[in-house]
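**Q** Quick one, model-v3.txt (compact mmCIF, C-alpha atoms and all ligand atoms):
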```txt
# COMPACT_ATOMS: atom_id res chain seq x y z
CA MET A 1 41.28 123.09 44.75
CA TYR A 2 42.67 125.83 46.95
CA ALA A 3 39.19 127.22 47.78
CA ASN A 4 39.72 127.67 51.51
CA GLU A 5 43.14 129.22 50.94
CA ALA A 6 42.28 131.73 48.23
CA LEU A 7 45.33 133.91 48.84
CA LYS A 8 47.83 131.08 49.22
CA VAL A 9 50.41 130.72 46.45
CA PRO A 10 50.33 127.11 45.18
CA LYS A 11 53.59 125.16 45.43
CA ALA A 12 54.93 122.59 42.97
CA ILE A 13 58.08 120.49 42.72
CA ILE A 14 59.31 119.22 39.37
CA ILE A 15 61.67 116.25 39.44
CA GLY A 16 63.52 116.34 36.12
CA ALA A 17 63.21 120.11 35.71
CA SER A 18 66.61 120.46 34.02
CA SER A 19 65.51 119.42 30.51
CA GLY A 20 62.78 118.10 28.23
CA MET A 21 59.14 118.09 29.24
CA GLY A 22 59.96 118.71 32.90
CA ARG A 23 61.66 121.98 32.00
CA GLU A 24 58.72 123.03 29.78
CA VAL A 25 56.13 122.26 32.43
CA THR A 26 58.20 124.18 34.99
CA LYS A 27 58.11 127.32 32.84
CA ARG A 28 54.35 127.02 32.38
CA LEU A 29 53.64 126.43 36.07
CA SER A 30 55.69 129.52 36.89
CA GLU A 31 53.50 131.54 34.50
CA GLN A 32 50.50 130.12 36.41
CA GLY A 33 51.82 131.65 39.62
CA TYR A 34 53.27 128.58 41.33
CA THR A 35 56.23 128.75 43.69
CA LEU A 36 58.51 126.05 42.33
CA GLY A 37 61.06 123.52 43.50
CA LEU A 38 63.45 122.59 40.69
CA VAL A 39 65.02 119.15 41.05
CA ALA A 40 67.49 117.18 38.89
CA ARG A 41 71.23 116.45 38.91
CA ARG A 42 72.57 119.07 36.45
CA LEU A 43 72.86 122.17 38.63
CA PRO A 44 73.87 124.63 35.84
CA LEU A 45 70.68 123.78 33.92
CA LEU A 46 68.56 124.30 37.03
CA GLU A 47 70.28 127.64 37.63
CA SER A 48 69.67 128.80 34.05
CA LEU A 49 66.00 127.76 34.35
CA GLN A 50 65.66 129.67 37.61
CA LYS A 51 66.82 132.82 35.80
CA GLU A 52 64.24 132.26 33.04
CA ILE A 53 61.15 131.89 35.21
CA PRO A 54 59.32 134.85 36.74
CA GLY A 55 58.16 133.59 40.13
CA GLU A 56 59.85 132.39 43.32
CA SER A 57 61.76 129.12 43.00
CA PHE A 58 64.04 126.80 44.96
CA ILE A 59 66.79 124.62 43.54
CA LYS A 60 67.70 121.17 44.85
CA PRO A 61 70.24 119.00 43.05
CA VAL A 62 69.16 115.40 43.64
CA ASP A 63 70.09 112.05 42.13
CA VAL A 64 66.94 109.98 42.63
CA THR A 65 68.94 106.74 42.76
CA LEU A 66 70.91 107.74 45.88
CA PRO A 67 69.77 106.74 49.40
CA GLN A 68 69.61 110.39 50.54
CA ALA A 69 67.22 111.41 47.71
CA ARG A 70 64.03 110.92 49.75
CA GLU A 71 65.33 112.99 52.65
CA GLN A 72 66.47 115.69 50.22
CA LEU A 73 62.94 115.88 48.80
CA GLN A 74 61.46 116.07 52.31
CA ASP A 75 63.88 118.90 53.13
CA LEU A 76 62.82 120.77 49.99
CA ILE A 77 59.13 120.47 50.93
CA VAL A 78 59.94 121.94 54.34
CA ALA A 79 62.04 124.74 52.81
CA MET A 80 59.18 125.62 50.45
CA GLY A 81 56.67 125.62 53.31
CA GLY A 82 54.50 122.87 51.81
CA LEU A 83 53.52 121.21 48.56
CA ASP A 84 50.40 121.05 46.38
CA LEU A 85 51.71 119.43 43.21
CA ILE A 86 54.60 117.20 42.20
CA VAL A 87 55.53 116.47 38.59
CA ILE A 88 57.97 113.58 38.05
CA SER A 89 59.56 113.64 34.61
CA ILE A 90 62.68 111.48 34.79
CA SER A 91 64.40 108.98 32.60
CA SER A 92 67.87 107.51 32.15
CA TYR A 93 67.31 107.51 28.37
CA LEU A 94 69.97 110.20 27.81
CA ASP A 95 72.49 108.62 30.21
CA ASN A 96 72.05 105.32 28.39
CA ARG A 97 72.33 106.98 25.00
CA ASN A 98 75.59 108.63 26.11
CA ALA A 99 76.87 105.38 27.58
CA THR A 100 76.26 103.25 24.53
CA ALA A 101 79.20 102.52 22.26
CA ASN A 102 76.94 102.76 19.23
CA SER A 103 76.46 105.92 17.18
CA ALA A 104 73.77 108.42 18.19
CA ALA A 105 71.82 107.38 15.10
CA ASP A 106 71.46 103.83 16.40
CA TYR A 107 68.07 104.08 18.05
CA HIS A 108 67.83 100.47 19.17
CA PRO A 109 71.32 99.56 20.39
CA ALA A 110 72.12 96.41 22.34
CA ARG A 111 72.24 97.37 26.02
CA THR A 112 74.66 96.28 28.71
CA TRP A 113 73.21 95.05 32.01
CA GLU A 114 74.37 98.30 33.60
CA GLU A 115 72.24 100.28 31.13
CA LYS A 116 69.22 97.99 31.49
CA GLN A 117 69.49 98.23 35.26
CA ARG A 118 69.75 102.03 35.06
CA TYR A 119 66.32 102.17 33.39
CA LEU A 120 64.80 100.26 36.28
CA MET A 121 66.70 102.21 38.96
CA VAL A 122 65.83 105.67 37.62
CA ASP A 123 62.57 105.35 35.65
CA ALA A 124 60.87 102.94 38.06
CA ILE A 125 62.47 102.83 41.54
CA GLY A 126 63.69 106.44 41.49
CA PHE A 127 60.23 107.54 40.35
CA ILE A 128 58.46 105.65 43.14
CA ALA A 129 61.00 106.81 45.74
CA MET A 130 60.07 110.41 44.94
CA ALA A 131 56.33 109.81 44.47
CA ASP A 132 56.07 108.00 47.79
CA VAL A 133 57.51 110.97 49.73
CA ALA A 134 54.98 113.29 48.07
CA ILE A 135 52.03 110.91 48.49
CA GLU A 136 52.70 110.42 52.22
CA PHE A 137 52.85 114.23 52.60
CA PHE A 138 49.63 114.71 50.56
CA LYS A 139 47.77 112.03 52.54
CA LYS A 140 48.53 113.83 55.81
CA GLN A 141 47.19 117.14 54.50
CA ASN A 142 44.32 115.46 52.54
CA HIS A 143 45.22 117.42 49.45
CA GLY A 144 47.68 117.24 46.58
CA HIS A 145 48.32 116.20 43.00
CA LEU A 146 50.87 113.72 41.66
CA VAL A 147 51.71 113.95 37.96
CA GLY A 148 53.99 111.28 36.52
CA ILE A 149 55.35 111.01 32.99
CA SER A 150 55.23 107.45 31.72
CA SER A 151 55.14 106.48 28.01
CA THR A 152 53.23 104.55 25.37
CA SER A 153 56.22 102.19 25.76
CA GLY A 154 54.62 101.08 29.01
CA LEU A 155 51.57 99.77 27.20
CA ARG A 156 53.23 96.91 25.29
CA GLY A 157 56.59 95.22 25.65
CA ARG A 158 58.80 96.33 22.76
CA ALA A 159 61.38 93.91 21.42
CA TYR A 160 64.14 96.53 21.32
CA ASN A 161 63.85 97.99 24.85
CA PRO A 162 61.92 95.70 27.21
CA GLU A 163 63.53 97.18 30.36
CA TYR A 164 62.39 100.72 29.46
CA CYS A 165 58.89 99.37 28.71
CA ALA A 166 58.88 97.49 32.01
CA ALA A 167 59.89 100.60 33.95
CA LYS A 168 57.15 102.69 32.31
CA ALA A 169 54.50 99.99 32.84
CA CYS A 170 55.64 99.84 36.47
CA ILE A 171 55.03 103.53 37.15
CA SER A 172 51.68 103.59 35.29
CA THR A 173 50.45 100.64 37.35
CA TYR A 174 51.86 102.26 40.50
CA MET A 175 49.96 105.49 39.77
CA GLU A 176 46.76 103.53 39.12
CA GLY A 177 47.17 101.75 42.46
CA VAL A 178 47.76 105.00 44.35
CA ARG A 179 44.71 106.55 42.64
CA ASN A 180 42.60 103.57 43.69
CA GLU A 181 43.87 103.90 47.27
CA MET A 182 42.84 107.58 47.33
CA LEU A 183 39.39 106.76 45.93
CA GLN A 184 38.80 103.89 48.34
CA LYS A 185 39.93 105.93 51.37
CA ASN A 186 38.19 109.09 50.16
CA ILE A 187 41.43 111.12 50.27
CA ASP A 188 41.46 114.28 48.13
CA VAL A 189 44.66 113.54 46.20
CA GLN A 190 44.65 113.52 42.39
CA ILE A 191 46.86 111.35 40.20
CA THR A 192 47.64 112.16 36.55
CA ASP A 193 49.49 109.69 34.31
CA VAL A 194 51.02 111.56 31.34
CA VAL A 195 51.55 109.15 28.42
CA PRO A 196 53.70 110.64 25.63
CA GLY A 197 54.39 109.12 22.26
CA PHE A 198 57.33 110.95 20.62
CA VAL A 199 58.39 114.38 21.84
CA ALA A 200 61.40 116.22 20.39
CA VAL A 201 63.67 117.33 23.25
CA GLU A 202 67.21 118.75 23.53
CA HIS A 203 68.89 115.37 23.03
CA SER A 204 66.46 114.26 20.30
CA PRO A 205 65.66 117.19 17.96
CA LEU A 206 62.53 117.23 15.83
CA GLY A 207 62.83 114.95 12.80
CA GLU A 208 66.20 113.45 13.83
CA ASP A 209 64.75 110.04 14.71
CA PRO A 210 63.17 108.52 11.57
CA THR A 211 61.16 106.07 13.71
CA ALA A 212 59.44 108.89 15.63
CA TYR A 213 55.98 109.17 14.06
CA TRP A 214 53.55 111.92 15.17
CA GLU A 215 56.50 113.61 16.92
CA ILE A 216 55.76 117.03 18.43
CA PRO A 217 58.05 119.79 19.75
CA VAL A 218 58.57 119.96 23.49
CA ASP A 219 56.76 123.30 23.89
CA GLN A 220 53.58 121.77 22.43
CA ALA A 221 53.95 118.83 24.78
CA GLY A 222 54.36 121.25 27.71
CA GLU A 223 51.08 122.97 26.80
CA VAL A 224 49.15 119.67 26.60
CA ILE A 225 50.59 118.55 29.94
CA LEU A 226 49.76 121.88 31.60
CA GLN A 227 46.13 121.60 30.47
CA GLY A 228 46.02 118.02 31.78
CA ILE A 229 47.36 119.22 35.14
CA LEU A 230 44.96 122.15 35.43
CA ASN A 231 42.00 119.91 34.51
CA GLN A 232 43.26 117.19 36.90
CA GLU A 233 42.91 114.60 34.14
CA LYS A 234 43.47 110.93 34.99
CA VAL A 235 45.45 110.14 31.83
CA VAL A 236 46.95 112.69 29.41
CA TYR A 237 48.06 111.44 25.99
CA VAL A 238 50.79 113.59 24.36
CA PRO A 239 49.97 114.43 21.59
CA ARG A 240 46.28 113.90 22.34
CA LYS A 241 45.79 111.75 19.24
CA ILE A 242 48.26 109.15 20.51
CA TRP A 243 45.30 107.67 22.44
CA LEU A 244 44.57 105.79 19.21
CA VAL A 245 48.00 104.13 19.27
CA ALA A 246 47.53 103.39 22.97
CA ALA A 247 44.24 101.66 22.23
CA LEU A 248 45.84 99.59 19.45
CA LEU A 249 48.82 98.63 21.62
CA LYS A 250 46.42 97.32 24.26
CA VAL A 251 44.25 95.18 21.96
CA LEU A 252 46.36 93.95 19.01
CA PRO A 253 46.89 90.17 19.07
CA ASP A 254 50.58 89.16 19.37
CA SER A 255 50.68 87.77 15.82
CA ILE A 256 49.48 91.03 14.24
CA PHE A 257 51.57 93.22 16.58
CA ASN A 258 54.80 91.33 15.88
CA ASN A 259 54.27 90.99 12.13
CA LYS A 260 52.83 94.37 11.23
CA PHE A 261 52.85 96.86 14.12
CA SER A 262 56.05 96.31 16.10
CA TRP A 263 57.10 99.87 15.11
CA LEU A 264 54.17 101.39 17.06
N1 LIG B 301 60.91 112.52 24.67
C1 LIG B 301 60.11 111.52 24.34
O1 LIG B 301 59.87 111.23 23.14
C2 LIG B 301 59.42 110.72 25.41
C3 LIG B 301 58.44 109.80 25.04
C4 LIG B 301 57.78 109.07 26.00
C5 LIG B 301 58.08 109.29 27.34
N2 LIG B 301 59.04 110.18 27.69
C6 LIG B 301 59.31 110.37 29.13
O2 LIG B 301 59.24 111.76 29.44
C7 LIG B 301 59.99 112.01 30.64
C8 LIG B 301 60.88 113.23 30.41
O3 LIG B 301 61.83 112.96 29.39
P1 LIG B 301 62.11 113.99 28.23
O4 LIG B 301 62.32 113.17 26.99
O5 LIG B 301 61.10 115.05 28.24
O6 LIG B 301 63.45 114.75 28.62
P2 LIG B 301 64.86 114.35 29.22
O7 LIG B 301 65.77 115.46 28.86
O8 LIG B 301 65.29 112.96 28.84
O9 LIG B 301 64.56 114.45 30.77
C9 LIG B 301 64.97 113.52 31.68
C10 LIG B 301 65.08 114.20 33.04
O10 LIG B 301 65.40 113.18 33.98
C11 LIG B 301 66.40 113.71 34.86
N3 LIG B 301 67.15 112.61 35.44
C12 LIG B 301 67.72 111.58 34.79
N4 LIG B 301 68.34 110.77 35.66
C13 LIG B 301 68.15 111.33 36.89
C14 LIG B 301 68.57 110.97 38.20
N5 LIG B 301 69.30 109.86 38.43
N6 LIG B 301 68.19 111.76 39.24
C15 LIG B 301 67.46 112.88 39.01
N7 LIG B 301 67.02 113.26 37.79
C16 LIG B 301 67.38 112.50 36.75
C17 LIG B 301 67.26 114.57 33.95
O11 LIG B 301 67.95 115.54 34.71
P3 LIG B 301 69.51 115.46 35.07
O12 LIG B 301 70.22 114.74 33.96
O13 LIG B 301 69.90 116.90 35.19
O14 LIG B 301 69.57 114.74 36.36
C18 LIG B 301 66.21 115.24 33.08
O15 LIG B 301 65.73 116.40 33.68
C19 LIG B 301 60.75 110.72 30.91
O16 LIG B 301 60.05 109.98 31.87
C20 LIG B 301 60.70 109.99 29.57
O17 LIG B 301 60.83 108.58 29.71
C21 LIG B 301 59.73 110.90 26.75
```
Write the structure described by the file as structure tokens, please.
**A**
Amino acid sequence: MYANEALKVPKAIIIGASSGMGREVTKRLSEQGYTLGLVARRLPLLESLQKEIPGESFIKPVDVTLPQAREQLQDLIVAMGGLDLIVISISSYLDNRNATANSAADYHPARTWEEKQRYLMVDAIGFIAMADVAIEFFKKQNHGHLVGISSTSGLRGRAYNPEYCAAKACISTYMEGVRNEMLQKNIDVQITDVVPGFVAVEHSPLGEDPTAYWEIPVDQAGEVILQGILNQEKVVYVPRKIWLVAALLKVLPDSIFNNKFSWL
């Protein structure tokens, strides 16, 4: 990948580096020798991460829903002296969970329009706003790798959170379209869609959610994602075996899905 620049240190930006899978992947990329750009809103968490990781890193507090977010990302790319890889791992799941009037144990609360809209603004539009900046940069240099974290929720509309499902389906379809553009125009830019099932993170500890089958700890998820990045895989299921659920979600007839498998 960096054959003609053997001595160059690869550069990666992680949007959503402050917590969850984004934070895990950041630590692993640092171990791999990447210079890193750490992006999210919670500055103290980015600062604590910067202290944890061995290599060089830059911090940029960004809210992806704000108009200045794209320019802030462009500025970070310039400050880092280029970009080889971007990982986008963002969701308003936690903001919505904090906003809801229901107890934390209510996993399928009724959402206000503000909360529903937030899913679309962060998980879909915010994602594409960031990806588009990176893709335009990668196209110019004919090299780069976009990694986006979607979800099995994007594979079938779920009765209890259709807006989240819609946002995740949106970014998976977006990544597929960008990949097809790169293939058709023969541009050397790779696209990896990471599709997790259930991953225990800071705001959702292992075993807390009784509906979370095949749940894995975030460090395991980070390892699977890192391997998917290094192998430039098209789609990375997390855990790997969740491909089976993905296949079922895609083919089950509505009658069987709604009567027997709506928990998938
Ligand atoms: N955990 C699971 O079971 C699971 C399953 C399927 C898919 N996923 C997906 O995995 C990805 C990562 O989520 P996670 O569960 O690993 O951890 P998480 O802790 O929920 O991570 C979400 C990240 O998004 C960032 N973020 C949220 N709103 C933002 C905004 N407006 N601007 C900039 N950054 C923003 C947060 O940082 P700040 O709050 O600091 O801004 C945080 O770093 C998400 O796309 C999620 O939908 C998770």
**Q** Work out how far apart CA of Val147 (chain A) and CA of Val87 (chain A) are and give it in Å to one decimal.
**A**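 Those two atoms sit 4.6 Å apart.
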**Q** Which protein, DNA or RNA residues have an atom within 7 Å of ligand LIG 301 (chain B), counting all atoms listed in the file, as a PDB file with C-alpha atoms, in the frame of the given file?
**A**
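Output (part12.pdb):
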```
ATOM      1  CA  ILE A  15      61.670 116.250  39.440  1.00  0.00           C
ATOM      2  CA  GLY A  16      63.520 116.340  36.120  1.00  0.00           C
ATOM      3  CA  ALA A  17      63.210 120.110  35.710  1.00  0.00           C
ATOM      4  CA  SER A  18      66.610 120.460  34.020  1.00  0.00           C
ATOM      5  CA  SER A  19      65.510 119.420  30.510  1.00  0.00           C
ATOM      6  CA  GLY A  20      62.780 118.100  28.230  1.00  0.00           C
ATOM      7  CA  MET A  21      59.140 118.090  29.240  1.00  0.00           C
ATOM      8  CA  GLY A  22      59.960 118.710  32.900  1.00  0.00           C
ATOM      9  CA  ALA A  40      67.490 117.180  38.890  1.00  0.00           C
ATOM     10  CA  ARG A  41      71.230 116.450  38.910  1.00  0.00           C
ATOM     11  CA  ARG A  42      72.570 119.070  36.450  1.00  0.00           C
ATOM     12  CA  LEU A  43      72.860 122.170  38.630  1.00  0.00           C
ATOM     13  CA  VAL A  62      69.160 115.400  43.640  1.00  0.00           C
ATOM     14  CA  ASP A  63      70.090 112.050  42.130  1.00  0.00           C
ATOM     15  CA  VAL A  64      66.940 109.980  42.630  1.00  0.00           C
ATOM     16  CA  THR A  65      68.940 106.740  42.760  1.00  0.00           C
ATOM     17  CA  SER A  89      59.560 113.640  34.610  1.00  0.00           C
ATOM     18  CA  ILE A  90      62.680 111.480  34.790  1.00  0.00           C
ATOM     19  CA  SER A  91      64.400 108.980  32.600  1.00  0.00           C
ATOM     20  CA  SER A  92      67.870 107.510  32.150  1.00  0.00           C
ATOM     21  CA  TYR A  93      67.310 107.510  28.370  1.00  0.00           C
ATOM     22  CA  LEU A  94      69.970 110.200  27.810  1.00  0.00           C
ATOM     23  CA  VAL A 122      65.830 105.670  37.620  1.00  0.00           C
ATOM     24  CA  ASP A 123      62.570 105.350  35.650  1.00  0.00           C
ATOM     25  CA  ILE A 149      55.350 111.010  32.990  1.00  0.00           C
ATOM     26  CA  SER A 150      55.230 107.450  31.720  1.00  0.00           C
ATOM     27  CA  SER A 151      55.140 106.480  28.010  1.00  0.00           C
ATOM     28  CA  THR A 152      53.230 104.550  25.370  1.00  0.00           C
ATOM     29  CA  VAL A 195      51.550 109.150  28.420  1.00  0.00           C
ATOM     30  CA  PRO A 196      53.700 110.640  25.630  1.00  0.00           C
ATOM     31  CA  GLY A 197      54.390 109.120  22.260  1.00  0.00           C
ATOM     32  CA  PHE A 198      57.330 110.950  20.620  1.00  0.00           C
ATOM     33  CA  VAL A 199      58.390 114.380  21.840  1.00  0.00           C
ATOM     34  CA  ALA A 200      61.400 116.220  20.390  1.00  0.00           C
ATOM     35  CA  VAL A 201      63.670 117.330  23.250  1.00  0.00           C
ATOM     36  CA  GLU A 202      67.210 118.750  23.530  1.00  0.00           C
ATOM     37  CA  HIS A 203      68.890 115.370  23.030  1.00  0.00           C
TER      38      HIS A 203
END
```
**Q** Which residues are near Met121 (chain A)? Cut-off 12 Å, all atoms listed in the file, ignore same chain within fewer than 5 positions. Put them as a CSV table (one decimal) with C-alpha atoms, keeping the file's coordinate frame.
**A**
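Done, and the output landed in out-v5.csv:
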```
chain,number,residue,atom,x,y,z
A,63,ASP,CA,70.1,112.0,42.1
A,64,VAL,CA,66.9,110.0,42.6
A,65,THR,CA,68.9,106.7,42.8
A,66,LEU,CA,70.9,107.7,45.9
A,67,PRO,CA,69.8,106.7,49.4
A,90,ILE,CA,62.7,111.5,34.8
A,91,SER,CA,64.4,109.0,32.6
A,92,SER,CA,67.9,107.5,32.2
A,93,TYR,CA,67.3,107.5,28.4
A,113,TRP,CA,73.2,95.0,32.0
A,114,GLU,CA,74.4,98.3,33.6
A,115,GLU,CA,72.2,100.3,31.1
A,116,LYS,CA,69.2,98.0,31.5
A,126,GLY,CA,63.7,106.4,41.5
A,127,PHE,CA,60.2,107.5,40.4
A,128,ILE,CA,58.5,105.6,43.1
A,129,ALA,CA,61.0,106.8,45.7
A,163,GLU,CA,63.5,97.2,30.4
A,164,TYR,CA,62.4,100.7,29.5
A,166,ALA,CA,58.9,97.5,32.0
A,167,ALA,CA,59.9,100.6,34.0
A,168,LYS,CA,57.2,102.7,32.3
A,170,CYS,CA,55.6,99.8,36.5
A,171,ILE,CA,55.0,103.5,37.2
```
**Q** Could you work out how far CA of Leu76 (chain A) lies from CA of Lys8 (chain A), giving the answer in Å with one decimal?
**A**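 Pair CA of Lys8 (chain A) / CA of Leu76 (chain A) returns 18.2 Å.
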**Q** Please compute the CA of Leu29 (chain A)-CA of Glu56 (chain A) distance, one decimal, in Å.
**A** 11.3 Å
**Q** Measuring atom to atom with all atoms listed in the file, identify which of A:Leu146, A:Ala99, A:Ile216, A:Ala159 is nearest to Gln190 (chain A).
**A**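 Checking each of A:Leu146, A:Ala99, A:Ile216, A:Ala159 against Gln190 (chain A), counting all atoms listed in the file, the winner is A:Leu146.
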**Q** Show which residues sit within 10 Å of Lys27 (chain A), as a CSV table (one decimal) with C-alpha atoms, in the coordinates of the input. Count only C-alpha atoms, and ignore same-chain residues fewer than 6 positions away.
**A**
```
chain,number,residue,atom,x,y,z
A,17,ALA,CA,63.2,120.1,35.7
A,21,MET,CA,59.1,118.1,29.2
A,34,TYR,CA,53.3,128.6,41.3
A,36,LEU,CA,58.5,126.0,42.3
A,49,LEU,CA,66.0,127.8,34.4
A,50,GLN,CA,65.7,129.7,37.6
A,52,GLU,CA,64.2,132.3,33.0
A,53,ILE,CA,61.2,131.9,35.2
A,54,PRO,CA,59.3,134.8,36.7
A,55,GLY,CA,58.2,133.6,40.1
A,219,ASP,CA,56.8,123.3,23.9
A,222,GLY,CA,54.4,121.2,27.7
```
**Q** Within 10 Å of region 255-258 of chain A, counting all atoms listed in the file, which residues qualify if same-chain residues fewer than 4 places away don't, as a ChimeraX atom specification?
**A** /A:156,158-159,248-249,251,262-264
**Q** Contacts of Asn186 (chain A) at 12 Å or less, counting all atoms listed in the file, minus same-chain residues fewer than 5 places along, as a list of chain:residue names?
**A**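 The neighbour list is A:Lys139, A:Asn142, A:His143, A:Val178, A:Arg179, A:Asn180, A:Glu181.
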**Q** Could you check the closest approach to Cys165 (chain A) for each of A:Ile229, A:Tyr119, A:Met130, A:Ala221 and tell me which residue wins, using only C-alpha atoms?
**A**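 Closest to Cys165 (chain A) of all the choices is A:Tyr119.
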**Q** Using all atoms listed in the file for the distances, tell me which of A:Asn161, A:Phe138, A:Trp214, A:Pro205 is nearest to Thr112 (chain A).
**A**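 The shortest atom-to-atom distance to Thr112 (chain A) comes from A:Asn161.
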**Q** Considering only C-alpha atoms, can you say which of A:Val236, A:Leu120, A:Ile191, A:Leu83 comes closest to Lys140 (chain A)?
**A**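 Closest to Lys140 (chain A) of all the choices is A:Leu83.
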**Q** Out of A:Ala124, A:Leu45, A:Val9, A:Leu38, which residue has the shortest atom-to-atom distance to Asp84 (chain A) when counting only C-alpha atoms?
**A**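 Using only C-alpha atoms, the shortest distance to Asp84 (chain A) belongs to A:Val9.
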**Q** With a distance cut-off of 10 Å and only C-alpha atoms, select the neighbouring residues of Glu176 (chain A), excluding the residue or stretch itself and same-chain residues fewer than 6 positions from it, and output the selection as a list in words.
**A**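 The neighbour list is Cys170, Met182, Ile191, Thr192, Asp193, Lys234 and Val235 of chain A.
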